[in-house]
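Text of the file upload-v9.txt, holding compact mmCIF, C-alpha atoms:
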```
# COMPACT_ATOMS: atom_id res chain seq x y z
CA MET Z 1 0.00 0.00 0.00
CA ASN Z 2 0.79 3.50 -0.51
CA HIS Z 3 2.46 5.34 2.44
CA SER Z 4 0.66 8.55 2.15
CA SER Z 5 -3.12 8.27 2.18
CA ARG Z 6 -5.91 5.89 2.95
CA PRO Z 7 -8.14 4.18 0.38
CA THR Z 8 -11.86 3.97 0.79
CA ARG Z 9 -13.87 0.87 0.06
CA ARG Z 10 -15.68 2.37 -2.89
CA THR Z 11 -12.45 3.71 -4.39
CA LEU Z 12 -10.69 0.38 -4.26
CA ARG Z 13 -13.68 -1.34 -5.78
CA ALA Z 14 -13.67 1.22 -8.57
CA VAL Z 15 -9.99 0.59 -9.21
CA GLY Z 16 -10.61 -3.11 -9.63
CA VAL Z 17 -13.57 -2.57 -11.95
CA THR Z 18 -11.94 0.05 -14.12
CA CYS Z 19 -8.81 -2.09 -14.61
CA SER Z 20 -10.88 -4.22 -16.98
CA VAL Z 21 -12.32 -1.12 -18.61
CA PHE Z 22 -9.08 0.61 -19.48
CA ALA Z 23 -7.53 -2.66 -20.63
CA LEU Z 24 -9.77 -2.41 -23.69
CA ALA Z 25 -8.08 0.82 -24.67
CA LEU Z 26 -4.50 -0.31 -24.20
CA SER Z 27 -3.86 -1.41 -27.75
CA ALA Z 28 -4.18 2.21 -28.76
CA GLY Z 29 -1.96 3.39 -25.91
CA CYS Z 30 -2.61 6.32 -23.62
CA ALA Z 31 -1.13 9.55 -24.83
CA GLY Z 32 -0.89 12.56 -22.55
CA ASP Z 33 -2.86 15.62 -23.50
CA SER Z 34 0.28 17.74 -23.58
CA SER Z 35 0.86 20.36 -26.23
CA GLU Z 36 2.76 23.50 -27.14
CA SER Z 37 1.40 26.53 -25.32
CA SER Z 38 0.85 29.82 -27.09
CA GLY Z 39 4.07 31.08 -25.55
CA GLY Z 40 6.09 28.37 -27.27
CA LYS Z 41 6.67 26.37 -24.09
CA THR Z 42 6.31 22.61 -23.91
CA VAL Z 43 3.32 21.76 -21.73
CA ILE Z 44 3.40 18.61 -19.62
CA ARG Z 45 0.85 17.42 -17.09
CA PHE Z 46 1.86 16.18 -13.64
CA ASN Z 47 -0.71 14.28 -11.57
CA TRP Z 48 -0.44 13.26 -7.91
CA TRP Z 49 -2.52 12.49 -4.81
CA GLY Z 50 -2.03 13.71 -1.29
CA SER Z 51 -2.95 16.11 1.47
CA ASP Z 52 -3.43 19.85 1.15
CA SER Z 53 0.08 20.42 2.45
CA ARG Z 54 1.51 18.11 -0.24
CA HIS Z 55 -0.39 19.99 -2.91
CA GLU Z 56 1.09 23.30 -1.82
CA MET Z 57 4.63 21.93 -1.53
CA THR Z 58 4.45 20.28 -4.94
CA LYS Z 59 3.25 23.48 -6.57
CA GLN Z 60 6.24 25.25 -5.02
CA MET Z 61 8.51 22.54 -6.44
CA ILE Z 62 6.98 23.00 -9.86
CA ALA Z 63 7.67 26.74 -9.69
CA VAL Z 64 11.37 26.06 -9.00
CA PHE Z 65 11.50 23.51 -11.82
CA GLU Z 66 9.91 25.92 -14.29
CA LYS Z 67 12.41 28.60 -13.30
CA GLU Z 68 15.25 26.17 -14.01
CA HIS Z 69 13.55 24.99 -17.22
CA PRO Z 70 11.92 28.10 -18.74
CA ASN Z 71 10.96 26.14 -21.86
CA ILE Z 72 8.62 23.84 -19.89
CA ASP Z 73 5.17 24.62 -18.48
CA VAL Z 74 4.00 22.03 -15.92
CA GLN Z 75 0.25 21.78 -15.46
CA PRO Z 76 -0.54 20.42 -11.96
CA GLU Z 77 -3.39 17.98 -11.43
CA TYR Z 78 -4.02 16.64 -7.94
CA SER Z 79 -6.64 15.04 -5.72
CA ASN Z 80 -7.01 12.91 -2.62
CA TRP Z 81 -6.44 9.17 -2.71
CA ASP Z 82 -10.17 8.57 -2.80
CA ASP Z 83 -10.40 10.07 -6.30
CA TYR Z 84 -6.93 9.59 -7.73
CA TRP Z 85 -7.08 6.05 -9.05
CA LYS Z 86 -10.59 6.41 -10.42
CA LYS Z 87 -9.52 9.49 -12.37
CA LEU Z 88 -6.33 7.83 -13.56
CA SER Z 89 -8.08 4.71 -14.84
CA THR Z 90 -10.70 6.86 -16.54
CA SER Z 91 -8.04 8.99 -18.23
CA ALA Z 92 -6.23 5.81 -19.30
CA ALA Z 93 -9.39 4.51 -20.95
CA ALA Z 94 -9.78 7.85 -22.73
CA SER Z 95 -6.13 7.84 -23.92
CA ASP Z 96 -5.52 10.91 -21.78
CA MET Z 97 -2.83 9.84 -19.32
CA PRO Z 98 -0.78 12.60 -17.63
CA ASP Z 99 2.83 12.89 -18.78
CA VAL Z 100 4.23 12.46 -15.24
CA LEU Z 101 2.38 10.84 -12.37
CA GLN Z 102 2.61 9.35 -8.91
CA ILE Z 103 2.27 5.58 -8.74
CA THR Z 104 2.42 2.99 -5.98
CA ASP Z 105 2.09 -0.71 -5.39
CA PRO Z 106 0.07 -2.77 -5.94
CA PHE Z 107 -1.94 -0.71 -8.43
CA MET Z 108 1.01 0.26 -10.60
CA TYR Z 109 1.56 -3.31 -11.79
CA SER Z 110 -1.54 -3.34 -13.95
CA TYR Z 111 -0.30 -0.18 -15.66
CA ILE Z 112 3.16 -1.70 -16.11
CA ASP Z 113 1.88 -5.01 -17.46
CA ASN Z 114 -0.45 -3.30 -19.89
CA GLY Z 115 2.16 -0.96 -21.33
CA GLN Z 116 0.79 2.20 -19.74
CA LEU Z 117 4.06 3.38 -18.22
CA MET Z 118 7.27 4.39 -19.96
CA ASP Z 119 10.40 2.28 -19.59
CA LEU Z 120 12.56 4.96 -17.99
CA LYS Z 121 15.73 3.29 -19.20
CA LYS Z 122 14.88 4.88 -22.54
CA VAL Z 123 15.56 8.32 -21.05
CA LYS Z 124 18.60 7.42 -18.95
CA ASP Z 125 20.61 10.20 -20.59
CA VAL Z 126 18.22 12.68 -18.92
CA LEU Z 127 16.98 10.81 -15.85
CA HIS Z 128 19.97 9.88 -13.70
CA THR Z 129 19.47 6.90 -11.41
CA ASP Z 130 23.08 6.08 -10.51
CA LYS Z 131 22.70 7.50 -6.99
CA LEU Z 132 19.39 5.71 -6.32
CA PRO Z 133 19.76 2.38 -4.44
CA ALA Z 134 18.93 -0.65 -6.55
CA ASN Z 135 16.79 -2.14 -3.78
CA SER Z 136 14.63 1.01 -3.77
CA MET Z 137 13.97 0.57 -7.49
CA ALA Z 138 13.48 -3.19 -7.33
CA MET Z 139 9.71 -2.90 -7.09
CA THR Z 140 9.49 -0.98 -10.36
CA THR Z 141 12.10 -3.03 -12.22
CA VAL Z 142 10.01 -5.47 -14.22
CA LYS Z 143 11.23 -7.73 -17.03
CA GLY Z 144 14.36 -5.67 -17.52
CA GLY Z 145 12.56 -2.34 -17.71
CA LEU Z 146 12.38 0.46 -15.15
CA TYR Z 147 8.90 1.90 -14.76
CA GLY Z 148 9.23 4.21 -11.79
CA VAL Z 149 11.75 6.04 -9.64
CA PRO Z 150 11.34 6.17 -5.86
CA ALA Z 151 10.11 9.40 -4.33
CA GLY Z 152 11.67 8.34 -1.03
CA ASP Z 153 11.75 5.52 1.47
CA SER Z 154 9.11 5.23 4.14
CA ALA Z 155 7.65 2.80 6.65
CA PHE Z 156 4.53 2.18 8.66
CA GLY Z 157 4.43 2.51 12.42
CA ILE Z 158 2.30 3.63 15.34
CA ALA Z 159 2.04 7.38 15.99
CA ALA Z 160 1.51 7.90 19.71
CA ASP Z 161 0.53 11.18 21.38
CA PRO Z 162 2.49 11.55 24.65
CA ALA Z 163 0.08 14.26 25.83
CA ALA Z 164 -2.84 11.83 25.53
CA PHE Z 165 -0.94 9.16 27.43
CA LYS Z 166 -0.14 11.68 30.16
CA LYS Z 167 -3.79 12.78 30.37
CA ALA Z 168 -4.86 9.16 30.77
CA GLY Z 169 -2.12 8.43 33.30
CA VAL Z 170 -0.89 5.52 31.20
CA PRO Z 171 2.86 5.04 30.63
CA MET Z 172 4.18 5.01 27.08
CA PRO Z 173 4.90 1.38 26.08
CA ASP Z 174 8.38 0.07 25.40
CA ASP Z 175 8.05 -0.73 21.71
CA THR Z 176 11.03 -3.09 21.75
CA LYS Z 177 9.09 -5.42 24.03
CA TRP Z 178 5.36 -4.85 23.70
CA SER Z 179 3.05 -7.50 22.29
CA TRP Z 180 -0.20 -7.30 20.36
CA ASP Z 181 -2.01 -8.12 23.61
CA ASP Z 182 -0.18 -5.23 25.25
CA TYR Z 183 -1.54 -2.96 22.51
CA VAL Z 184 -5.07 -3.98 23.48
CA LYS Z 185 -4.41 -3.51 27.20
CA VAL Z 186 -2.87 -0.06 26.70
CA SER Z 187 -5.73 1.02 24.43
CA LYS Z 188 -8.31 -0.17 26.94
CA ALA Z 189 -6.60 1.66 29.82
CA ILE Z 190 -6.47 4.94 27.91
CA SER Z 191 -10.11 4.67 26.87
CA LYS Z 192 -11.21 4.92 30.50
CA THR Z 193 -10.47 8.64 30.23
CA LYS Z 194 -13.50 10.67 29.15
CA GLY Z 195 -13.34 11.93 25.59
CA LEU Z 196 -10.37 9.76 24.70
CA VAL Z 197 -9.88 6.35 23.07
CA GLY Z 198 -6.69 4.38 23.06
CA THR Z 199 -6.37 3.84 19.34
CA VAL Z 200 -8.03 4.35 15.98
CA MET Z 201 -9.80 1.23 14.73
CA PRO Z 202 -7.51 -0.65 12.27
CA LEU Z 203 -9.41 -0.59 8.98
CA TYR Z 204 -6.48 -0.93 6.58
CA PRO Z 205 -3.93 -3.70 5.96
CA ASN Z 206 -1.15 -1.55 7.49
CA ASP Z 207 -1.05 -3.72 10.62
CA LEU Z 208 -1.58 -6.94 8.72
CA GLY Z 209 1.71 -6.80 6.81
CA PRO Z 210 3.89 -6.78 9.95
CA TRP Z 211 1.60 -9.39 11.54
CA LEU Z 212 2.08 -11.81 8.62
CA ARG Z 213 5.83 -11.24 8.46
CA GLN Z 214 6.22 -11.78 12.21
CA HIS Z 215 4.61 -15.17 11.65
CA GLY Z 216 7.12 -16.05 8.92
CA GLU Z 217 4.70 -15.33 6.08
CA ASP Z 218 3.99 -12.55 3.57
CA TYR Z 219 1.20 -11.50 1.26
CA TRP Z 220 2.88 -13.31 -1.63
CA THR Z 221 5.47 -15.94 -2.31
CA GLU Z 222 8.84 -14.48 -3.27
CA ASP Z 223 8.11 -14.51 -7.01
CA GLY Z 224 4.60 -13.11 -6.51
CA SER Z 225 2.97 -16.08 -8.22
CA GLN Z 226 0.98 -17.37 -5.22
CA ILE Z 227 -0.50 -16.29 -1.91
CA GLY Z 228 2.18 -16.31 0.77
CA PHE Z 229 0.09 -16.57 3.96
CA THR Z 230 -2.04 -19.23 5.60
CA GLU Z 231 -5.67 -19.22 6.62
CA GLY Z 232 -4.74 -19.77 10.27
CA THR Z 233 -2.47 -16.73 10.48
CA MET Z 234 -5.06 -14.55 8.77
CA ALA Z 235 -7.82 -15.74 11.11
CA ALA Z 236 -5.59 -15.04 14.11
CA TYR Z 237 -5.14 -11.45 12.96
CA TRP Z 238 -8.89 -10.89 12.75
CA GLU Z 239 -9.35 -12.53 16.14
CA TRP Z 240 -6.97 -9.87 17.49
CA VAL Z 241 -9.01 -7.12 15.80
CA VAL Z 242 -12.19 -8.45 17.44
CA LYS Z 243 -10.39 -8.54 20.77
CA LEU Z 244 -9.38 -4.91 20.35
CA ARG Z 245 -12.93 -3.94 19.35
CA ASP Z 246 -14.50 -5.75 22.30
CA SER Z 247 -12.02 -4.25 24.78
CA GLY Z 248 -13.49 -0.78 24.28
CA GLY Z 249 -10.02 0.49 23.52
CA THR Z 250 -10.99 2.00 20.19
CA THR Z 251 -13.80 3.72 18.36
CA SER Z 252 -16.92 1.80 17.49
CA ALA Z 253 -17.06 0.05 14.14
CA ASP Z 254 -19.84 2.40 13.03
CA ALA Z 255 -17.83 5.52 13.86
CA ALA Z 256 -14.68 4.13 12.25
CA VAL Z 257 -16.38 3.23 8.97
CA GLU Z 258 -18.17 6.58 8.88
CA ALA Z 259 -14.84 8.38 9.23
CA LEU Z 260 -13.39 6.20 6.48
CA SER Z 261 -16.24 7.01 4.13
CA SER Z 262 -15.69 10.74 4.62
CA GLY Z 263 -12.26 10.45 3.01
CA ALA Z 264 -10.62 12.36 5.87
CA GLY Z 265 -6.82 12.55 5.78
CA VAL Z 266 -4.34 12.33 8.62
CA GLU Z 267 -4.97 15.99 9.46
CA GLN Z 268 -8.55 15.08 10.39
CA SER Z 269 -7.68 11.90 12.30
CA LEU Z 270 -8.76 11.36 15.89
CA VAL Z 271 -5.16 11.74 17.05
CA ALA Z 272 -4.96 15.13 15.35
CA GLN Z 273 -8.21 16.06 17.11
CA HIS Z 274 -6.83 14.93 20.52
CA LYS Z 275 -9.51 12.22 20.71
CA ALA Z 276 -7.23 9.19 20.37
CA ALA Z 277 -3.78 8.36 21.71
CA MET Z 278 -2.53 6.10 18.89
CA THR Z 279 -3.01 5.39 15.20
CA ASP Z 280 -1.18 3.38 12.59
CA VAL Z 281 0.44 5.73 10.11
CA SER Z 282 2.78 6.09 7.19
CA VAL Z 283 5.65 7.72 9.05
CA THR Z 284 6.12 10.40 6.39
CA GLN Z 285 2.74 11.76 7.50
CA LEU Z 286 4.14 12.63 10.91
CA GLY Z 287 4.72 16.30 10.07
CA ALA Z 288 1.19 16.74 8.74
CA LEU Z 289 -0.24 14.99 11.81
CA GLU Z 290 1.75 17.17 14.20
CA GLY Z 291 0.93 20.32 12.28
CA ALA Z 292 -2.78 19.59 12.58
CA SER Z 293 -2.66 18.50 16.22
CA GLY Z 294 -0.22 21.12 17.45
CA ARG Z 295 1.55 18.40 19.41
CA ALA Z 296 4.70 16.32 19.00
CA ALA Z 297 4.06 12.60 18.47
CA LYS Z 298 6.28 9.60 19.04
CA LEU Z 299 6.77 6.87 16.44
CA LEU Z 300 6.55 3.36 17.84
CA LEU Z 301 7.40 0.04 16.23
CA PHE Z 302 4.43 -2.24 15.68
CA PRO Z 303 3.86 -4.66 18.57
CA GLY Z 304 5.04 -8.22 18.42
CA GLU Z 305 8.62 -7.90 17.19
CA LYS Z 306 10.13 -9.48 20.29
CA GLY Z 307 10.06 -13.22 19.91
CA ALA Z 308 8.67 -13.13 16.35
CA SER Z 309 9.90 -15.71 13.85
CA GLN Z 310 11.08 -12.86 11.63
CA VAL Z 311 11.08 -9.06 11.67
CA GLY Z 312 7.68 -7.69 10.73
CA ALA Z 313 8.73 -4.09 10.15
CA TYR Z 314 10.16 -2.94 6.83
CA THR Z 315 11.15 0.15 4.88
CA LYS Z 316 10.32 0.72 1.24
CA PRO Z 317 9.39 3.47 -1.18
CA GLY Z 318 5.75 4.26 -0.58
CA ILE Z 319 5.51 6.41 -3.68
CA PHE Z 320 7.15 6.26 -7.09
CA PHE Z 321 7.13 8.70 -9.98
CA GLY Z 322 6.49 7.42 -13.49
CA ALA Z 323 5.68 8.71 -16.95
CA SER Z 324 3.11 7.84 -19.57
CA ALA Z 325 4.38 5.42 -22.21
CA ARG Z 326 2.76 7.60 -24.85
CA THR Z 327 3.77 11.03 -23.65
CA GLU Z 328 4.50 13.34 -26.55
CA HIS Z 329 7.37 14.87 -24.57
CA PRO Z 330 9.52 12.09 -23.05
CA LYS Z 331 12.59 14.32 -22.66
CA GLU Z 332 10.70 17.00 -20.75
CA ALA Z 333 8.91 14.38 -18.64
CA ALA Z 334 12.31 12.83 -17.80
CA GLU Z 335 13.68 16.24 -16.84
CA LEU Z 336 10.84 16.67 -14.35
CA LEU Z 337 11.40 13.16 -12.98
CA ASP Z 338 15.10 13.85 -12.56
CA PHE Z 339 14.32 17.07 -10.73
CA LEU Z 340 11.84 15.36 -8.39
CA VAL Z 341 14.30 12.71 -7.18
CA ASN Z 342 17.73 14.34 -7.60
CA SER Z 343 17.27 18.02 -6.84
CA PRO Z 344 18.25 19.29 -3.38
CA GLU Z 345 16.06 22.32 -4.05
CA ALA Z 346 13.02 20.09 -4.52
CA ALA Z 347 13.87 18.12 -1.39
CA LYS Z 348 14.26 21.28 0.68
CA ILE Z 349 10.64 22.09 -0.11
CA GLN Z 350 8.96 18.73 0.40
CA LYS Z 351 11.45 17.30 2.92
CA PHE Z 352 10.06 13.85 3.87
CA ASP Z 353 6.47 14.25 2.69
CA ARG Z 354 6.95 11.51 0.08
CA GLY Z 355 9.63 9.66 1.99
CA VAL Z 356 13.23 10.03 3.06
CA PRO Z 357 15.23 10.95 -0.10
CA ASN Z 358 16.87 7.92 -1.71
CA ASN Z 359 19.69 9.95 -3.24
CA PRO Z 360 22.27 10.16 -0.40
CA ASP Z 361 23.65 13.43 -1.74
CA VAL Z 362 20.19 14.98 -1.57
CA LEU Z 363 19.59 13.71 1.97
CA LYS Z 364 22.95 15.09 3.09
CA ALA Z 365 22.17 18.47 1.55
CA ILE Z 366 18.89 18.89 3.41
CA THR Z 367 19.88 17.34 6.76
CA PRO Z 368 20.80 20.70 8.38
CA GLU Z 369 17.31 21.97 7.57
CA LEU Z 370 15.33 19.04 8.94
CA SER Z 371 12.64 19.75 11.49
CA PRO Z 372 12.40 17.81 14.76
CA ALA Z 373 9.61 15.69 13.24
CA GLU Z 374 11.71 14.88 10.20
CA LYS Z 375 14.63 13.89 12.38
CA ARG Z 376 12.31 11.52 14.26
CA ILE Z 377 11.23 10.03 10.94
CA ALA Z 378 14.84 9.47 9.91
CA ASP Z 379 15.61 7.97 13.32
CA TYR Z 380 12.61 5.65 13.04
CA LEU Z 381 13.68 4.37 9.63
CA GLY Z 382 17.14 3.84 11.09
CA ARG Z 383 15.63 1.78 13.92
CA VAL Z 384 13.68 -0.35 11.46
CA ASN Z 385 16.67 -0.93 9.20
CA ALA Z 386 18.77 -1.83 12.26
CA LEU Z 387 16.40 -4.77 12.78
CA LYS Z 388 17.62 -6.08 9.40
CA PRO Z 389 14.18 -6.82 7.97
CA THR Z 390 13.77 -9.16 5.03
CA ALA Z 391 12.75 -7.65 1.71
CA LEU Z 392 9.08 -7.41 0.82
CA HIS Z 393 7.82 -9.73 -1.88
CA ILE Z 394 6.53 -8.04 -5.03
CA PRO Z 395 2.73 -8.32 -5.30
CA ASN Z 396 1.09 -10.47 -7.93
CA ALA Z 397 0.35 -8.22 -10.89
CA LYS Z 398 -3.15 -9.60 -11.47
CA ALA Z 399 -4.39 -10.16 -7.93
CA GLY Z 400 -2.35 -7.57 -6.03
CA PRO Z 401 -4.56 -4.57 -6.85
CA ALA Z 402 -7.65 -6.45 -5.61
CA VAL Z 403 -6.25 -7.35 -2.19
CA PRO Z 404 -6.84 -4.01 -0.37
CA GLU Z 405 -10.49 -3.86 -1.41
CA ILE Z 406 -11.10 -7.50 -0.52
CA PHE Z 407 -9.39 -7.02 2.84
CA GLN Z 408 -11.30 -3.88 3.69
CA ARG Z 409 -14.68 -5.37 2.80
CA LEU Z 410 -14.07 -8.55 4.81
CA ASN Z 411 -12.56 -6.58 7.67
CA GLU Z 412 -15.83 -4.68 7.95
CA ASP Z 413 -17.73 -7.97 7.83
CA VAL Z 414 -15.69 -9.14 10.83
CA LEU Z 415 -16.14 -5.87 12.71
CA PHE Z 416 -19.92 -6.01 12.27
CA ASN Z 417 -20.08 -9.77 13.07
CA ARG Z 418 -21.27 -10.68 9.61
CA LEU Z 419 -18.38 -13.15 9.34
CA SER Z 420 -16.28 -14.93 11.94
CA PRO Z 421 -12.49 -14.45 11.72
CA LYS Z 422 -12.10 -18.01 10.44
CA ALA Z 423 -14.81 -17.62 7.80
CA ALA Z 424 -13.40 -14.27 6.72
CA ALA Z 425 -9.88 -15.72 6.42
CA LYS Z 426 -11.12 -18.58 4.28
CA LYS Z 427 -13.05 -16.19 2.05
CA PHE Z 428 -10.10 -13.80 1.84
CA ILE Z 429 -7.85 -16.50 0.42
CA SER Z 430 -10.58 -17.81 -1.86
CA GLU Z 431 -11.31 -14.39 -3.35
CA ILE Z 432 -7.63 -13.62 -3.91
CA LYS Z 433 -7.13 -16.98 -5.62
CA SER Z 434 -10.00 -16.17 -7.96
CA GLN Z 435 -8.00 -13.15 -9.16
CA LEU Z 436 -4.82 -15.11 -9.91
```
Using structure tokens, write down the structure that the file contains.
Amino acid sequence: MNHSSRPTRRTLRAVGVTCSVFALALSAGCAGDSSESSGGKTVIRFNWWGSDSRHEMTKQMIAVFEKEHPNIDVQPEYSNWDDYWKKLSTSAAASDMPDVLQITDPFMYSYIDNGQLMDLKKVKDVLHTDKLPANSMAMTTVKGGLYGVPAGDSAFGIAADPAAFKKAGVPMPDDTKWSWDDYVKVSKAISKTKGLVGTVMPLYPNDLGPWLRQHGEDYWTEDGSQIGFTEGTMAAYWEWVVKLRDSGGTTSADAAVEALSSGAGVEQSLVAQHKAAMTDVSVTQLGALEGASGRAAKLLLFPGEKGASQVGAYTKPGIFFGASARTEHPKEAAELLDFLVNSPEAAKIQKFDRGVPNNPDVLKAITPELSPAEKRIADYLGRVNALKPTALHIPNAKAGPAVPEIFQRLNEDVLFNRLSPKAAAKKFISEIKSQL
């Protein structure tokens, strides 16, 4: 999943449906609607998703790029995650792909397999990747081609509000030792304080990935050809979710799903509103969370690492930048891509919003300007990498995009007692297999 925003159930369903729709148009390709402006400049479109703060930062980055490249006019197009993939699949079907765009796993694999994205090795004389770690580009290196460059490394974790813990009189947990049962106990203890819950209800697969890995499994086998987890491990995860729900340590299922449907970002989360003490989060969202809450937060490792069969935590690029395979301006698109990942000036504006810069020279250049929150993000990624986590397995290109929607739908069925954890786990595997 992407490390920047949260999908809604209806959005993910739309993504799965429209995959089959835009596949019909692939033989004709998907050319960007770029053109020469009246001023003689080359016009390219750049599309991304994100929060309001990301939109503003990216527009500032574009202004710097245009100043450095006065012959190029970049037209920004942006939305929240809820709308992004629907718009992108619709534009693909209409042969109207943007020249440059944000992409992420698992959804990007359908675009790669169907020839939607440019092989960036074709523009290697303009887009320089020699300073980008090979392991950060592994997820977009498919069949010898390179279809995306990493916007930065990120990770998932638990954002905890020390002020909320203090108000509840509950000590901050030691994240090197705490268990999943400890998470429930801490959440329950905090929720005894009026107007405060221990944690946001887990509605996304953010927690599931570490859970599976801690049990020696993964979403996929190493080559992505088959499901990599067992029914028993999946059922055990949902049994934990039910335990958390029944403890009273989180919001009700009704309230959680209502918040999800509203499409609210991290700035509108219960932690930002001082109504919850913890939430799972893409760590690059820490600055936005703290800006909205007016409080410093602490990043915690997911529970369960101590005694696990393997490390559950991981770091990876949460966002990649790619280009349309049919852009009319591949050179100009590559120049923008190069700027986005290799320019210290761009990094000074966005800092860690899309991840910790993969280019070590860029990271070194901006380190003196990092905020306290950004330093905590860098420290957290350092802690995760110090655990020496195994690499994530690349998702199955056909079934991968369907997994988040299937998970979210069945997760709600468990929360509302429409399915038992065991029945949901069995159905989860069955539905994924039907996509293979």
- [ ] Please provide as a ChimeraX atom specification all residues within 8 Å of region 124-140 of chain Z, with the sequence filter that same-chain residues fewer than 2 positions apart are discarded (counting only C-alpha atoms).
- [x] /Z:120-122,142,146-150,153,316-317,331,334-335,337-338,342,358-361,394
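Minimum atom-to-atom distance to Val74 (chain Z), evaluated using all atoms listed in the file, belongs to Z:Glu332 out of Z:Asp181, Z:Asp161, Z:Glu332, Z:Asp105.
Proximity to Leu336 (chain Z) was assessed for Z:Phe321, Z:Lys177, Z:Ser225, Z:Thr193 counting only C-alpha atoms; the smallest distance is recorded for Z:Phe321.
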- [ ] Give me, please, the distance in Å between CA of Gly265 (chain Z) and CA of Tyr109 (chain Z), quoted to one decimal.
- [x] 25.1 Å
TODO: Using CA of Glu239 (chain Z) and CA of Val271 (chain Z) as the two end points, give the distance in Å to one decimal.
DONE: 24.6 Å
Task: Selection as a VMD selection string: residues within 8 Å of (6.2, -9.8, 21.2), counting all atoms listed in the file - done: chain Z and resid 177 to 180 303 to 308
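Rounded to one decimal, CA of Asp99 (chain Z) and CA of Ala323 (chain Z) lie 5.4 Å from each other.
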TODO: Name the residues within 10 Å of (-1.2, 10.2, 12.1), counting all atoms listed in the file in the file's coordinates, and put them as a ChimeraX atom specification.
DONE: /Z:157-161,200,265-272,278-290,292-293,297,299
